[in-house]
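Engineer: Supplied structure: entry20.txt, compact mmCIF, C-alpha atoms and all ligand atoms.
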```txt
# COMPACT_ATOMS: atom_id res chain seq x y z
CA MET A 26 29.57 29.39 13.92
CA THR A 27 31.67 27.48 11.43
CA ILE A 28 31.00 27.93 7.76
CA GLU A 29 30.20 24.62 6.15
CA ASN A 30 32.10 23.80 3.01
CA LEU A 31 30.38 22.87 -0.25
CA ALA A 32 31.16 19.18 0.07
CA SER A 33 29.25 18.90 3.35
CA ARG A 34 26.37 21.19 2.23
CA ASP A 35 26.05 18.90 -0.81
CA LYS A 36 25.22 15.98 1.48
CA LYS A 37 22.09 17.55 2.86
CA TYR A 38 19.77 17.61 -0.17
CA LEU A 39 21.58 16.21 -3.19
CA TRP A 40 21.24 12.83 -4.84
CA HIS A 41 24.05 12.18 -7.33
CA PRO A 42 23.90 10.09 -10.51
CA LEU A 43 25.59 6.66 -10.60
CA THR A 44 26.13 6.78 -6.85
CA GLN A 45 25.39 4.41 -3.98
CA HIS A 46 25.18 7.07 -1.29
CA LYS A 47 25.62 4.63 1.56
CA LEU A 48 29.07 3.66 0.33
CA LYS A 49 30.35 6.79 -1.36
CA LYS A 50 32.47 9.44 0.25
CA THR A 51 31.83 13.13 -0.24
CA PRO A 52 32.18 14.33 -3.84
CA LEU A 53 34.84 16.81 -4.83
CA ALA A 54 33.41 20.35 -4.97
CA ILE A 55 34.72 22.11 -8.08
CA VAL A 56 34.51 25.90 -7.99
CA SER A 57 36.20 26.97 -11.21
CA ALA A 58 37.72 25.71 -14.42
CA LYS A 59 39.83 26.90 -17.34
CA GLY A 60 41.21 25.02 -20.33
CA ALA A 61 42.03 21.48 -19.18
CA LEU A 62 42.16 22.50 -15.50
CA LEU A 63 39.67 22.30 -12.62
CA TRP A 64 40.02 23.81 -9.13
CA ASP A 65 38.28 22.52 -6.01
CA GLU A 66 37.07 24.57 -3.06
CA ASP A 67 40.37 24.08 -1.22
CA GLY A 68 42.31 25.47 -4.17
CA ASN A 69 43.62 22.10 -5.39
CA GLU A 70 44.18 21.82 -9.13
CA TYR A 71 43.22 18.88 -11.35
CA ILE A 72 43.80 18.07 -15.00
CA ASP A 73 40.50 17.04 -16.58
CA GLY A 74 41.83 13.97 -18.40
CA ILE A 75 38.45 12.91 -19.77
CA ALA A 76 37.15 16.34 -20.82
CA SER A 77 34.25 16.02 -18.34
CA TRP A 78 32.82 12.95 -20.06
CA TYR A 79 34.22 13.89 -23.46
CA THR A 80 32.24 17.11 -23.76
CA VAL A 81 34.50 20.18 -23.19
CA MET A 82 36.86 19.42 -26.06
CA TYR A 83 37.87 23.08 -26.56
CA GLY A 84 38.56 23.50 -22.87
CA HIS A 85 36.58 24.80 -19.92
CA CYS A 86 35.39 28.40 -20.06
CA ASN A 87 36.57 28.74 -23.66
CA GLU A 88 36.51 32.48 -24.46
CA PHE A 89 35.47 32.10 -28.09
CA ILE A 90 32.49 29.92 -27.23
CA MET A 91 31.49 31.98 -24.19
CA THR A 92 31.52 35.14 -26.29
CA ALA A 93 29.23 33.55 -28.88
CA MET A 94 26.85 32.39 -26.15
CA THR A 95 26.84 35.74 -24.35
CA ARG A 96 26.07 37.54 -27.60
CA GLN A 97 23.23 35.11 -28.26
CA MET A 98 21.81 35.46 -24.77
CA GLY A 99 21.55 39.23 -25.17
CA LYS A 100 19.65 38.87 -28.44
CA LEU A 101 17.31 35.92 -28.12
CA ASP A 102 17.31 33.80 -24.98
CA PHE A 103 14.81 31.08 -25.80
CA VAL A 104 11.67 30.39 -27.79
CA MET A 105 9.91 27.12 -28.38
CA PHE A 106 10.78 25.34 -31.60
CA SER A 107 7.29 24.19 -32.57
CA GLY A 108 5.76 26.63 -35.05
CA LEU A 109 8.72 29.01 -34.53
CA THR A 110 12.27 28.96 -35.75
CA HIS A 111 15.41 31.02 -35.17
CA GLU A 112 18.73 31.90 -36.76
CA PRO A 113 21.03 29.93 -34.41
CA ALA A 114 19.22 26.67 -35.27
CA ILE A 115 19.26 27.48 -38.99
CA GLU A 116 22.92 28.49 -39.00
CA LEU A 117 23.85 25.37 -37.03
CA SER A 118 21.96 23.18 -39.50
CA GLU A 119 23.85 24.76 -42.41
CA LYS A 120 27.24 24.34 -40.68
CA LEU A 121 26.60 20.78 -39.59
CA MET A 122 25.35 19.66 -42.99
CA GLY A 123 28.69 20.73 -44.43
CA LEU A 124 30.40 18.39 -41.96
CA LEU A 125 28.17 15.32 -41.58
CA PRO A 126 28.38 12.28 -43.89
CA LYS A 127 26.63 13.05 -47.20
CA LYS A 128 23.55 10.91 -46.67
CA GLN A 129 22.37 13.02 -43.72
CA ALA A 130 19.73 15.49 -44.90
CA LYS A 131 17.57 16.59 -41.95
CA LEU A 132 18.27 17.50 -38.30
CA PHE A 133 15.88 16.90 -35.43
CA PHE A 134 16.75 18.65 -32.14
CA ASN A 135 16.59 17.14 -28.65
CA ASP A 136 18.21 18.13 -25.38
CA ASN A 137 20.59 15.31 -24.37
CA GLY A 138 22.21 12.12 -25.61
CA SER A 139 19.54 9.75 -24.34
CA THR A 140 16.73 11.77 -25.91
CA ALA A 141 18.64 11.84 -29.22
CA ILE A 142 18.63 8.02 -29.10
CA GLU A 143 15.00 7.95 -28.02
CA ALA A 144 14.03 10.08 -31.04
CA ALA A 145 16.12 7.86 -33.35
CA ILE A 146 14.39 4.69 -32.12
CA LYS A 147 10.93 6.25 -32.42
CA MET A 148 11.81 7.52 -35.92
CA ALA A 149 12.82 4.00 -36.95
CA LEU A 150 9.69 2.36 -35.52
CA GLN A 151 7.38 4.93 -37.08
CA TYR A 152 9.25 4.75 -40.40
CA TYR A 153 7.83 1.24 -40.81
CA HIS A 154 4.52 1.99 -39.10
CA ASN A 155 3.87 4.77 -41.64
CA ASN A 156 4.33 2.11 -44.31
CA GLY A 157 1.81 -0.23 -42.69
CA GLU A 158 4.51 -2.52 -41.28
CA LYS A 159 4.88 -3.60 -37.70
CA ARG A 160 8.53 -4.08 -36.86
CA ASP A 161 9.23 -4.64 -33.20
CA THR A 162 12.88 -5.60 -32.93
CA LEU A 163 16.11 -3.64 -32.57
CA ILE A 164 19.55 -5.09 -33.20
CA ALA A 165 22.34 -3.83 -30.95
CA PHE A 166 25.86 -4.74 -29.86
CA GLU A 167 26.64 -6.58 -26.66
CA ASP A 168 27.94 -4.14 -24.03
CA GLY A 169 26.77 -1.05 -25.93
CA PHE A 170 25.74 2.06 -24.04
CA HIS A 171 23.13 4.44 -25.42
CA GLY A 172 21.75 6.28 -22.41
CA ASP A 173 19.39 5.89 -19.48
CA THR A 174 15.86 6.62 -20.76
CA PHE A 175 13.77 3.54 -21.57
CA GLY A 176 14.42 3.22 -25.29
CA ALA A 177 18.10 4.04 -24.90
CA MET A 178 18.38 1.71 -21.91
CA SER A 179 16.78 -1.08 -23.94
CA ALA A 180 19.42 -0.69 -26.63
CA SER A 181 22.21 -0.65 -24.02
CA GLY A 182 23.74 -4.01 -23.23
CA LEU A 183 25.56 -3.07 -20.04
CA SER A 184 23.31 -4.88 -17.60
CA SER A 185 24.90 -3.41 -14.46
CA TYR A 186 22.71 -0.36 -15.05
CA ASN A 187 19.55 -2.02 -16.38
CA GLY A 188 18.85 -4.79 -13.88
CA PRO A 189 15.65 -3.51 -12.20
CA PHE A 190 14.10 -2.52 -15.53
CA GLU A 191 14.84 -5.46 -17.76
CA ASP A 192 11.24 -6.72 -17.77
CA PHE A 193 10.01 -3.39 -19.08
CA LEU A 194 12.33 -2.82 -22.03
CA LEU A 195 11.89 -2.86 -25.82
CA LYS A 196 12.74 -6.03 -27.72
CA VAL A 197 16.44 -6.00 -28.57
CA VAL A 198 18.53 -8.82 -30.00
CA ARG A 199 22.31 -8.59 -29.57
CA ILE A 200 25.34 -9.41 -31.65
CA PRO A 201 29.01 -9.33 -30.61
CA THR A 202 31.12 -6.49 -32.00
CA PRO A 203 33.03 -7.47 -35.16
CA GLN A 204 36.70 -8.17 -34.48
CA GLU A 205 39.44 -9.47 -36.77
CA ASP A 206 38.67 -13.09 -35.98
CA ASN A 207 34.88 -13.38 -35.60
CA LEU A 208 33.36 -11.60 -38.59
CA LYS A 209 31.86 -14.68 -40.17
CA GLU A 210 30.23 -15.72 -36.90
CA VAL A 211 28.81 -12.20 -36.30
CA LYS A 212 27.54 -11.99 -39.90
CA ASP A 213 25.80 -15.37 -39.60
CA LYS A 214 24.21 -14.37 -36.31
CA LEU A 215 22.97 -11.10 -37.81
CA LEU A 216 21.47 -12.88 -40.83
CA TRP A 217 19.78 -15.41 -38.54
CA ILE A 218 18.33 -12.59 -36.38
CA ILE A 219 17.04 -10.83 -39.50
CA ARG A 220 15.32 -14.02 -40.68
CA LYS A 221 13.71 -14.75 -37.31
CA ASN A 222 12.54 -11.26 -36.31
CA GLU A 223 10.83 -8.16 -37.65
CA CYS A 224 13.85 -5.87 -37.36
CA ALA A 225 13.40 -2.10 -37.51
CA ALA A 226 16.88 -0.84 -36.77
CA PHE A 227 20.48 -1.70 -36.00
CA ILE A 228 21.87 0.70 -33.39
CA PHE A 229 25.57 0.92 -32.59
CA GLU A 230 28.38 3.08 -31.26
CA PRO A 231 30.60 3.22 -34.37
CA LEU A 232 34.17 1.95 -33.82
CA VAL A 233 34.41 2.70 -30.09
CA GLN A 234 32.13 1.54 -27.26
CA GLY A 235 32.72 4.26 -24.69
CA ALA A 236 31.05 3.17 -21.47
CA ALA A 237 32.06 -0.46 -22.08
CA GLY A 238 35.65 0.66 -21.47
CA MET A 239 36.64 2.31 -24.76
CA LYS A 240 36.44 -1.03 -26.57
CA PHE A 241 37.27 -0.88 -30.28
CA HIS A 242 35.90 -2.92 -33.16
CA SER A 243 36.78 -3.22 -36.81
CA ALA A 244 35.50 -0.53 -39.19
CA LYS A 245 35.52 -3.07 -42.00
CA GLY A 246 33.44 -5.47 -39.93
CA LEU A 247 30.94 -2.79 -38.97
CA ASP A 248 30.71 -1.78 -42.62
CA THR A 249 29.76 -5.33 -43.55
CA LEU A 250 27.03 -5.42 -40.88
CA ILE A 251 25.60 -2.08 -42.04
CA LYS A 252 25.59 -3.32 -45.62
CA ILE A 253 23.67 -6.46 -44.64
CA CYS A 254 21.12 -4.42 -42.67
CA GLN A 255 20.61 -1.91 -45.47
CA GLU A 256 20.20 -4.71 -48.04
CA ASN A 257 17.45 -6.04 -45.78
CA ASP A 258 15.74 -2.64 -45.46
CA ILE A 259 16.76 -2.20 -41.81
CA LEU A 260 17.67 1.32 -40.72
CA CYS A 261 21.15 1.85 -39.29
CA ILE A 262 21.51 4.24 -36.36
CA ALA A 263 25.02 5.45 -35.48
CA ASP A 264 25.22 6.66 -31.89
CA GLU A 265 27.99 9.25 -32.24
CA VAL A 266 27.20 10.90 -28.92
CA MET A 267 30.70 9.98 -27.70
CA THR A 268 32.61 9.54 -30.98
CA GLY A 269 31.35 12.69 -32.73
CA PHE A 270 33.40 15.87 -33.25
CA GLY A 271 36.94 14.65 -33.74
CA LYS A 272 37.39 11.94 -31.10
CA THR A 273 38.42 9.16 -33.52
CA GLY A 274 40.71 11.29 -35.69
CA LYS A 275 37.98 12.17 -38.17
CA ASN A 276 35.10 14.56 -37.51
CA PHE A 277 32.73 11.60 -37.10
CA ALA A 278 33.48 7.90 -36.62
CA SER A 279 31.04 7.18 -39.46
CA GLU A 280 33.61 8.69 -41.83
CA HIS A 281 35.73 5.55 -41.30
CA LEU A 282 32.90 3.61 -43.01
CA VAL A 283 31.95 3.11 -46.65
CA HIS A 284 28.29 2.39 -45.91
CA GLU A 285 26.76 5.44 -44.25
CA PRO A 286 24.24 5.19 -41.43
CA ASP A 287 20.65 6.32 -42.07
CA ILE A 288 20.40 8.10 -38.72
CA ILE A 289 23.12 9.72 -36.57
CA CYS A 290 22.81 10.82 -32.91
CA LEU A 291 24.96 13.69 -31.64
CA SER A 292 25.37 15.33 -28.24
CA LYS A 293 28.17 15.76 -25.65
CA ALA A 294 30.90 17.64 -27.63
CA LEU A 295 28.21 19.02 -29.99
CA THR A 296 27.97 22.11 -27.75
CA ALA A 297 31.59 21.94 -26.57
CA GLY A 298 30.18 20.83 -23.23
CA MET A 299 28.69 24.26 -22.64
CA PHE A 300 24.98 23.49 -22.87
CA PRO A 301 22.68 20.44 -22.98
CA LEU A 302 21.59 19.91 -26.58
CA SER A 303 21.44 17.00 -28.99
CA ILE A 304 20.60 16.22 -32.58
CA THR A 305 19.17 13.20 -34.36
CA SER A 306 20.00 13.57 -38.04
CA CYS A 307 18.54 11.40 -40.78
CA SER A 308 18.57 10.74 -44.50
CA GLN A 309 16.09 12.24 -46.96
CA THR A 310 14.51 8.78 -47.34
CA VAL A 311 13.73 8.60 -43.62
CA PHE A 312 12.34 12.16 -43.58
CA ASP A 313 10.19 11.55 -46.66
CA ARG A 314 8.46 8.59 -45.02
CA PHE A 315 6.84 11.07 -42.58
CA LEU A 316 5.43 13.33 -45.34
CA SER A 317 1.72 12.79 -45.84
CA ASP A 318 -1.65 14.52 -46.04
CA ASP A 319 -2.36 12.49 -42.94
CA VAL A 320 -1.27 14.57 -39.91
CA GLU A 321 -0.64 11.49 -37.80
CA LYS A 322 2.16 10.36 -40.09
CA GLY A 323 4.23 13.31 -38.86
CA PHE A 324 6.78 12.83 -36.09
CA PHE A 325 4.93 13.87 -32.93
CA HIS A 326 7.86 14.01 -30.58
CA SER A 327 9.19 17.09 -28.85
CA HIS A 328 11.20 18.36 -25.91
CA THR A 329 10.53 21.78 -24.43
CA PHE A 330 14.13 22.90 -24.82
CA SER A 331 14.65 21.55 -28.36
CA ALA A 332 17.10 23.69 -30.36
CA HIS A 333 17.79 26.03 -27.44
CA PRO A 334 19.47 29.11 -28.97
CA MET A 335 22.22 29.06 -26.32
CA GLY A 336 23.09 25.48 -27.21
CA CYS A 337 22.99 26.29 -30.93
CA ALA A 338 25.30 29.28 -30.44
CA ALA A 339 27.78 27.11 -28.52
CA ALA A 340 27.59 24.41 -31.20
CA ILE A 341 28.23 26.85 -34.06
CA ALA A 342 31.28 28.24 -32.27
CA GLY A 343 32.47 24.70 -31.50
CA ILE A 344 32.24 23.66 -35.15
CA ASP A 345 34.21 26.79 -36.12
CA LEU A 346 36.98 25.63 -33.76
CA LEU A 347 36.94 21.90 -34.62
CA ASN A 348 38.98 22.19 -37.80
CA SER A 349 40.75 25.48 -37.08
CA PRO A 350 44.55 25.27 -37.56
CA GLU A 351 45.17 25.56 -33.78
CA ILE A 352 42.79 22.74 -32.82
CA LEU A 353 43.88 20.53 -35.75
CA GLU A 354 47.46 20.89 -34.55
CA ARG A 355 46.41 19.81 -31.03
CA ARG A 356 44.32 16.90 -32.36
CA ARG A 357 47.34 15.61 -34.28
CA TYR A 358 49.71 16.14 -31.38
CA ILE A 359 47.51 14.21 -28.93
CA GLU A 360 46.97 11.40 -31.43
CA GLN A 361 50.73 10.98 -31.93
CA ALA A 362 51.50 11.32 -28.21
CA HIS A 363 48.92 8.60 -27.41
CA LYS A 364 50.53 6.33 -30.03
CA ASN A 365 54.00 6.90 -28.59
CA PHE A 366 52.80 6.23 -25.05
CA ALA A 367 50.96 3.09 -26.20
CA VAL A 368 54.19 1.73 -27.76
CA LEU A 369 56.06 2.41 -24.51
CA MET A 370 53.45 0.64 -22.41
CA GLU A 371 52.44 -2.30 -24.58
CA ASN A 372 54.81 -4.82 -23.00
CA HIS A 373 54.22 -3.77 -19.40
CA GLU A 374 53.52 -6.81 -17.21
CA LYS A 375 50.49 -5.16 -15.57
CA ILE A 376 48.85 -4.40 -18.93
CA THR A 377 46.91 -6.75 -21.18
CA GLU A 378 46.20 -4.24 -23.96
CA VAL A 379 46.86 -0.63 -24.87
CA ARG A 380 44.91 0.88 -27.73
CA SER A 381 44.47 4.33 -29.17
CA LEU A 382 42.42 5.95 -31.88
CA GLY A 383 42.38 9.69 -32.48
CA VAL A 384 42.44 11.38 -29.06
CA ILE A 385 41.20 8.24 -27.25
CA LEU A 386 43.69 6.14 -25.29
CA ALA A 387 42.68 3.04 -23.30
CA ILE A 388 44.76 0.73 -21.14
CA ASP A 389 43.39 -2.61 -19.91
CA LEU A 390 45.02 -3.75 -16.68
CA ASN A 391 45.95 -7.32 -16.05
CA ILE A 392 43.88 -7.36 -12.85
CA LYS A 393 40.41 -8.87 -12.49
CA THR A 394 37.77 -6.63 -10.96
CA GLU A 395 34.07 -5.87 -10.91
CA ARG A 396 32.92 -2.86 -12.90
CA TYR A 397 32.46 -0.80 -9.75
CA GLY A 398 34.90 -2.83 -7.67
CA ASN A 399 37.75 -1.68 -5.46
CA LEU A 400 40.41 -1.30 -8.12
CA ARG A 401 38.53 1.50 -9.75
CA ASP A 402 38.30 3.40 -6.46
CA ILE A 403 41.98 2.86 -5.70
CA LEU A 404 42.97 4.14 -9.14
CA TYR A 405 40.60 7.09 -8.99
CA LYS A 406 41.97 8.15 -5.59
CA PHE A 407 45.58 7.72 -6.70
CA PHE A 408 45.01 9.98 -9.71
CA ILE A 409 43.04 12.60 -7.79
CA GLU A 410 45.73 12.85 -5.10
CA ARG A 411 48.19 13.66 -7.88
CA GLY A 412 45.96 16.26 -9.51
CA VAL A 413 44.63 14.16 -12.38
CA LEU A 414 40.95 13.46 -12.96
CA LEU A 415 40.43 10.10 -14.69
CA ARG A 416 37.47 7.74 -14.27
CA PRO A 417 38.61 4.18 -14.90
CA LEU A 418 35.94 1.78 -16.16
CA GLY A 419 36.36 -1.64 -14.56
CA ASN A 420 40.03 -2.44 -15.14
CA THR A 421 40.36 -0.01 -18.04
CA ILE A 422 42.08 3.34 -17.59
CA TYR A 423 41.21 5.71 -20.40
CA VAL A 424 42.33 9.19 -21.36
CA LEU A 425 40.25 11.44 -23.60
CA PRO A 426 41.56 14.93 -22.95
CA PRO A 427 40.26 18.27 -24.20
CA PHE A 428 41.95 19.15 -27.50
CA VAL A 429 43.45 22.20 -25.80
CA ILE A 430 45.36 20.24 -23.17
CA THR A 431 48.99 21.43 -23.04
CA ASN A 432 51.90 19.09 -23.75
CA ASN A 433 52.99 19.24 -20.10
CA GLN A 434 49.51 18.46 -18.82
CA LEU A 435 49.18 15.50 -21.19
CA HIS A 436 52.57 14.12 -20.19
CA LYS A 437 51.70 14.54 -16.53
CA ILE A 438 48.71 12.24 -17.14
CA TYR A 439 50.97 9.65 -18.81
CA ASP A 440 53.52 9.91 -15.97
CA THR A 441 50.80 9.43 -13.36
CA ILE A 442 49.53 6.33 -15.17
CA SER A 443 53.10 4.92 -15.33
CA GLU A 444 53.44 5.64 -11.62
CA VAL A 445 50.20 3.92 -10.64
CA LEU A 446 51.30 0.78 -12.47
CA GLU A 447 54.25 0.50 -10.09
CA THR A 448 52.01 0.62 -7.02
CA ILE A 449 49.09 -1.70 -7.79
C1 LIG B 501 26.74 9.70 -22.92
C2 LIG B 501 26.20 8.81 -23.98
C3 LIG B 501 24.82 8.70 -24.20
C4 LIG B 501 23.79 9.35 -23.32
O1 LIG B 501 23.87 10.73 -23.31
P1 LIG B 501 23.26 11.55 -22.08
O2 LIG B 501 23.39 12.97 -22.48
O3 LIG B 501 24.10 11.19 -20.89
O4 LIG B 501 21.85 11.11 -21.91
C5 LIG B 501 24.40 7.92 -25.27
N1 LIG B 501 25.28 7.28 -26.05
C6 LIG B 501 26.61 7.36 -25.87
C7 LIG B 501 27.53 6.65 -26.79
C8 LIG B 501 27.13 8.13 -24.82
O5 LIG B 501 28.44 8.21 -24.62
```
Could you quickly redo this structure as structure tokens?

Structural biologist:
Amino acid sequence: MTIENLASRDKKYLWHPLTQHKLKKTPLAIVSAKGALLWDEDGNEYIDGIASWYTVMYGHCNEFIMTAMTRQMGKLDFVMFSGLTHEPAIELSEKLMGLLPKKQAKLFFNDNGSTAIEAAIKMALQYYHNNGEKRDTLIAFEDGFHGDTFGAMSASGLSSYNGPFEDFLLKVVRIPTPQEDNLKEVKDKLLWIIRKNECAAFIFEPLVQGAAGMKFHSAKGLDTLIKICQENDILCIADEVMTGFGKTGKNFASEHLVHEPDIICLSKALTAGMFPLSITSCSQTVFDRFLSDDVEKGFFHSHTFSAHPMGCAAAIAGIDLLNSPEILERRRYIEQAHKNFAVLMENHEKITEVRSLGVILAIDLNIKTERYGNLRDILYKFFIERGVLLRPLGNTIYVLPPFVITNNQLHKIYDTISEVLETI
């Protein structure tokens, strides 16, 4: 009898996310990981160039974080967070409050990015409801991505995912992202939307739209839009699920802004990629709107695994690392290396734009393609065969490595990108 490998056993019962199983080949079976490296079941090695969807920023199987989690597991595994509390959640709240923009005053726990957004949207709607107002409209950017549950999906503008559900979504009105040359037009559109609708919240990925292909917009422009919303008593929700924890050069992308959001959503790198957990933080003003002698004015929203102690322990350890001298040195090195590589590549005939911010690097290719078209598969395969894991989005190749990636590993990614440009 032959022993089946993992890749073929996977086929029997598993249904993968974002996959058309009729067209897709067998997935790569990863058996172990360390730092920026992954190993498959045949012993092949890959550099994780996107930190497993921008989560494991301190590297896979990070000893410091694993030790904190192991210690926590031996002491208190899990208790529900309704009516009970625990030290990991309290310590995390204290740590995070020292790091988040000043306006943030309260943390609400969830268990993934989409549910952090879901809680933020419900908070915003109930914020007005508690005041006797019915506001039914959200404002969001074109091509934003906020997750796959219904509220989050409604806010997302990437229709390739939302097609079958569009008739069932919340009311969302969209504006383009502010660029150098369109700010007046975007401002006018926003003001017109505010006049014509009962707007509850403006939800956005600050500075970088991840799933859209690491598209950037102007911090100054976003600041202006936030200011307009806040002057019109509309809550501003920053989805920092991707940008949070050092991706854009600062701890949070919101720190590039003068006008602070009222609500911030965090997940992904929050737990260093070690555990599913998320947080929706809000200002004191938002929190106070739920205080009442009337029980129903409270926020009746909960997930079983809210504030899981294992996730909190990982998050505390992650925050301790984020601004440690070693990680700061790596953050700065990657940022500079990206800038140098961008300068080298900017005039390449196959490239329309190279951009970088913090540890994010994105390269738009001068080749037209569908979002899930052939080009993406060709690129993916080319990289994988050379031991580099990257997941191009449409015709955008992006790199968002773990902070702990070594210089050689990072330069191998750059070299592989230069090489692929000579073959396509
Ligand atoms: C990944 C992501 C989400 C959704 O998070 P999940 O944990 O996958 O549900 C929401 N917003 C942004 C910006 C993201 O990158």

Engineer: Expressed in Å to a single decimal, how great is the separation between atom CA of A:Phe175 and atom CA of A:Ile219?

Structural biologist: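 Atom-to-atom, atom CA of A:Phe175 to atom CA of A:Ile219, that is 23.2 Å.
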
Engineer: Return the single residue from A:Asp102, A:Glu230, A:Asp213, A:Asp402 that is closest to ligand LIG 501 (chain B), with distances computed using only C-alpha atoms and all ligand atoms.

Structural biologist: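 Selected residue with least distance to ligand LIG 501 (chain B): A:Glu230.
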
Engineer: Quick one: of A:Phe166, A:Phe106, A:Phe312, A:Phe408, who's nearest to ligand LIG 501 (chain B), counting all atoms listed in the file?

Structural biologist: A:Phe166

Engineer: Grab the atom CA of A:Lys252 to atom CA of A:Met178 distance for me, in Å with one decimal place.

Structural biologist: 25.3 Å

Engineer: Please measure the separation of atom CA of A:Tyr71 and atom CA of A:Leu414, giving the value in Å to one decimal.

Structural biologist: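 Computing the Euclidean distance for atom CA of A:Tyr71 and atom CA of A:Leu414 yields 6.1 Å.
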
Engineer: Which residues are close to A:Gly68, i.e. within 10 Å by only C-alpha atoms, leaving aside same-chain residues fewer than 4 positions away? Reply as an MDAnalysis selection string.

Structural biologist: chainID A and resid 55:57 63:64

Engineer: Identify, counting only C-alpha atoms and all ligand atoms, the protein, DNA and RNA residues located within 6 Å of ligand LIG 501 (chain B), and give them as a list in words.

Structural biologist: Asn137, Gly138, Ser139, Phe170, His171, Gly172, Glu230, Gly235, Asp264, Val266 and Met267 of chain A

Engineer: Pick out the residues sitting within 10 Å of A:Lys196, and hand them over as a ChimeraX atom specification; count only C-alpha atoms, and ignore anything fewer than 3 positions along from it in its own chain.

Structural biologist: /A:161-164,176,179-180,193,224

Engineer: With distances taken over all atoms listed in the file, which residue among A:Ala278, A:Val413, A:Ile304, A:Val429 lies nearest A:Ala340?

Structural biologist: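 Looking at the shortest contact to A:Ala340, the residue is A:Ile304.
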
Engineer: Quick one: everything within 10 Å of A:Met82, counting only C-alpha atoms, minus sequence neighbours fewer than 4 positions away in the same chain. Send it as a ChimeraX atom specification.

Structural biologist: /A:60-61,75-78,87,270-272,293-298,343,346-347,352,425-430

Engineer: Dump as JSON lines the rows for residues of stretch 126-183 of chain A within 12 Å of stretch 315-327 of chain A: closest atom pair and distance in Å with one decimal, all atoms listed in the file counted, ordered by chain and rising residue number.

Structural biologist:
```
{"residue": "A:Phe133", "atom": "CA", "partner": "A:Ser327", "partner_atom": "CA", "distance": 9.4}
{"residue": "A:Phe134", "atom": "CA", "partner": "A:Ser327", "partner_atom": "CA", "distance": 8.4}
{"residue": "A:Asn135", "atom": "CA", "partner": "A:Ser327", "partner_atom": "CA", "distance": 7.4}
{"residue": "A:Asp136", "atom": "CA", "partner": "A:Ser327", "partner_atom": "CA", "distance": 9.7}
{"residue": "A:Thr140", "atom": "CA", "partner": "A:Ser327", "partner_atom": "CA", "distance": 9.7}
{"residue": "A:Ala141", "atom": "CA", "partner": "A:Ser327", "partner_atom": "CA", "distance": 10.8}
{"residue": "A:Glu143", "atom": "CA", "partner": "A:His326", "partner_atom": "CA", "distance": 9.7}
{"residue": "A:Ala144", "atom": "CA", "partner": "A:His326", "partner_atom": "CA", "distance": 7.3}
{"residue": "A:Ala145", "atom": "CA", "partner": "A:His326", "partner_atom": "CA", "distance": 10.7}
{"residue": "A:Ile146", "atom": "CA", "partner": "A:His326", "partner_atom": "CA", "distance": 11.5}
{"residue": "A:Lys147", "atom": "CA", "partner": "A:His326", "partner_atom": "CA", "distance": 8.5}
{"residue": "A:Met148", "atom": "CA", "partner": "A:Phe324", "partner_atom": "CA", "distance": 7.3}
{"residue": "A:Ala149", "atom": "CA", "partner": "A:Phe324", "partner_atom": "CA", "distance": 10.7}
{"residue": "A:Leu150", "atom": "CA", "partner": "A:Phe324", "partner_atom": "CA", "distance": 10.9}
{"residue": "A:Gln151", "atom": "CA", "partner": "A:Phe324", "partner_atom": "CA", "distance": 8.0}
{"residue": "A:Tyr152", "atom": "CA", "partner": "A:Phe315", "partner_atom": "CA", "distance": 7.1}
{"residue": "A:Tyr153", "atom": "CA", "partner": "A:Phe315", "partner_atom": "CA", "distance": 10.0}
{"residue": "A:His154", "atom": "CA", "partner": "A:Lys322", "partner_atom": "CA", "distance": 8.8}
{"residue": "A:Asn155", "atom": "CA", "partner": "A:Lys322", "partner_atom": "CA", "distance": 6.0}
{"residue": "A:Asn156", "atom": "CA", "partner": "A:Phe315", "partner_atom": "CA", "distance": 9.5}
{"residue": "A:Gly157", "atom": "CA", "partner": "A:Lys322", "partner_atom": "CA", "distance": 10.9}
```

Engineer: Output C-alpha atoms for every residue in that selection, as a PDB file, keeping the file's coordinate frame.

Structural biologist:
```pdb
ATOM      1  CA  PHE A 133      15.880  16.900 -35.430  1.00  0.00           C
ATOM      2  CA  PHE A 134      16.750  18.650 -32.140  1.00  0.00           C
ATOM      3  CA  ASN A 135      16.590  17.140 -28.650  1.00  0.00           C
ATOM      4  CA  ASP A 136      18.210  18.130 -25.380  1.00  0.00           C
ATOM      5  CA  THR A 140      16.730  11.770 -25.910  1.00  0.00           C
ATOM      6  CA  ALA A 141      18.640  11.840 -29.220  1.00  0.00           C
ATOM      7  CA  GLU A 143      15.000   7.950 -28.020  1.00  0.00           C
ATOM      8  CA  ALA A 144      14.030  10.080 -31.040  1.00  0.00           C
ATOM      9  CA  ALA A 145      16.120   7.860 -33.350  1.00  0.00           C
ATOM     10  CA  ILE A 146      14.390   4.690 -32.120  1.00  0.00           C
ATOM     11  CA  LYS A 147      10.930   6.250 -32.420  1.00  0.00           C
ATOM     12  CA  MET A 148      11.810   7.520 -35.920  1.00  0.00           C
ATOM     13  CA  ALA A 149      12.820   4.000 -36.950  1.00  0.00           C
ATOM     14  CA  LEU A 150       9.690   2.360 -35.520  1.00  0.00           C
ATOM     15  CA  GLN A 151       7.380   4.930 -37.080  1.00  0.00           C
ATOM     16  CA  TYR A 152       9.250   4.750 -40.400  1.00  0.00           C
ATOM     17  CA  TYR A 153       7.830   1.240 -40.810  1.00  0.00           C
ATOM     18  CA  HIS A 154       4.520   1.990 -39.100  1.00  0.00           C
ATOM     19  CA  ASN A 155       3.870   4.770 -41.640  1.00  0.00           C
ATOM     20  CA  ASN A 156       4.330   2.110 -44.310  1.00  0.00           C
ATOM     21  CA  GLY A 157       1.810  -0.230 -42.690  1.00  0.00           C
TER      22      GLY A 157
END
```
